[in-house]
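*Asks:* Here's a structure for you.
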Amino acid sequence: MSLQWGLVAGFLYLEIFVLIVLLLPYISPQRWLKFFRSRILHSLGAQTQYYYYGLFGLLCLLFLDAIREMRKYSNEEYDLSVNPKAEMQAHMKLFRAQRNFYISGFALLLTLVIRRITTLLSTQGSLMAQNEAALKQATSASAAARKAMDDVSAKTDGKEEIEKLQSEINILKEELVSLEIDRDAVKSQALSVSNEYDRLLKEHEKVQQKVQANESGDKKGN
């Protein structure tokens, strides 16, 4: 395996490791959101986008080069009378081209998958944080309104003031119910995202097995 394809294979293994870490259920989306907003990533700033697109473009070029090599060696003609080992050498070159095709293709795919998963984790963490803050605010407002109503009823018999406070409490209760519904929706979304993560993890375990099988085949071919 040449140096450039060795680097691509190493990058593919790194992507698989990062993907497995992202799919761990023990790390909550809120923790991932804090990590994505940390000083380390924030210091990179807008340069992260340039790094990503540059790497993506490089993988696209390697992927197209692997396709070119596959087509080249698939249609290659050889004369066994001149070189008896020509057929074996042609098959070996074709196998290497196919191996490079799978490595670059899966690396290219995983860059898109990892980017999508990080976006989903950031969105989910932000929604969960907003939901918790809204629930705390609604609960605090409802308790303050109930306390104010108790104070007013103890000091005065003003029915209008009590009815006004009661209506405010009812409105706050409705808002609290709405926020609880939103919280359940966020939990349902989190469950669906978790199921999607598990599915992606199984698919990428299959990818890793294919890559390892290709490398073992390469070693046997060498």
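Chain labels A, B, ... are given in the sequence in which chains occur in the structure tokens; within each chain residues are numbered consecutively from 1, and ligands are likewise numbered from 1 in the order shown.
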Give me the residues near range 116-121 of chain A as a tab-separated table (two decimals) with N, CA and C atoms, in the first residue's frame, where near means some atom within 9 Å (using only C-alpha atoms) and where sequence neighbours in that chain fewer than 4 positions away do not count.

*Replies:*
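Once everything was written out, this is part_36.tsv:
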chain	number	residue	atom	x	y	z
A	19	LEU	N	-16.73	8.15	15.13
A	19	LEU	CA	-18.15	7.84	15.00
A	19	LEU	C	-18.64	6.98	16.16
A	22	LEU	N	-19.07	9.19	19.13
A	22	LEU	CA	-20.27	10.01	19.01
A	22	LEU	C	-21.53	9.22	19.29
A	23	LEU	N	-21.49	7.92	19.02
A	23	LEU	CA	-22.68	7.08	19.21
A	23	LEU	C	-22.79	6.51	20.62
A	28	SER	N	-24.28	12.63	26.96
A	28	SER	CA	-25.53	13.29	26.60
A	28	SER	C	-25.30	14.35	25.52
A	29	PRO	N	-26.35	14.70	24.77
A	29	PRO	CA	-26.20	15.75	23.75
A	29	PRO	C	-25.80	17.10	24.35
A	30	GLN	N	-26.19	17.37	25.59
A	30	GLN	CA	-25.83	18.64	26.21
A	30	GLN	C	-24.31	18.73	26.44
A	32	TRP	N	-22.09	17.15	24.60
A	32	TRP	CA	-21.51	17.36	23.27
A	32	TRP	C	-21.64	18.82	22.85
A	33	LEU	N	-22.78	19.44	23.20
A	33	LEU	CA	-22.97	20.85	22.85
A	33	LEU	C	-21.93	21.73	23.55
A	36	PHE	N	-18.65	21.20	21.70
A	36	PHE	CA	-18.61	21.88	20.40
A	36	PHE	C	-18.46	23.39	20.56
A	111	THR	N	-17.25	11.11	6.36
A	111	THR	CA	-17.14	12.54	6.63
A	111	THR	C	-18.51	13.19	6.63
A	112	LEU	N	-19.38	12.77	5.71
A	112	LEU	CA	-20.74	13.31	5.67
A	112	LEU	C	-21.56	12.83	6.86
A	125	GLY	N	-29.04	19.00	21.82
A	125	GLY	CA	-28.57	19.57	23.08
A	125	GLY	C	-29.12	20.96	23.31
A	126	SER	N	-29.19	21.78	22.26
A	126	SER	CA	-29.75	23.13	22.38
A	126	SER	C	-31.23	23.09	22.73
A	193	VAL	N	-33.31	9.64	17.36
A	193	VAL	CA	-31.91	9.90	16.99
A	193	VAL	C	-31.01	8.80	17.54
A	197	TYR	N	-28.59	6.36	15.54
A	197	TYR	CA	-27.17	6.18	15.85
A	197	TYR	C	-26.81	4.70	15.90

*Asks:* Near Leu108 in chain A, counting only C-alpha atoms, which residues have an atom at most 8 Å away, once you skip same-chain residues fewer than 4 positions from it, shown as a ChimeraX atom specification?

*Replies:* /A:56,59-60,104,112

*Asks:* Excluding same-chain residues fewer than 4 positions from range 113-115 of chain A, what lies within 12 Å of it counting only C-alpha atoms, as a PyMOL selection string?

*Replies:* chain A and resi 12+14-23+48-49+52-53+56+106-109+119-122+196-197+200-201+203-204

*Asks:* How many Å lie between CA of Glu205 in chain A and CA of Asn100 in chain A, rounded to one decimal?

*Replies:*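 Going from CA of Glu205 in chain A over to CA of Asn100 in chain A, I get 18.6 Å.
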
*Asks:* Counting only C-alpha atoms, which of A:Ala138, A:Asn214, A:Val207, A:Gln124 gets nearest to Arg96 in chain A?

*Replies:*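 Using only C-alpha atoms, Arg96 in chain A sits closest to A:Asn214.
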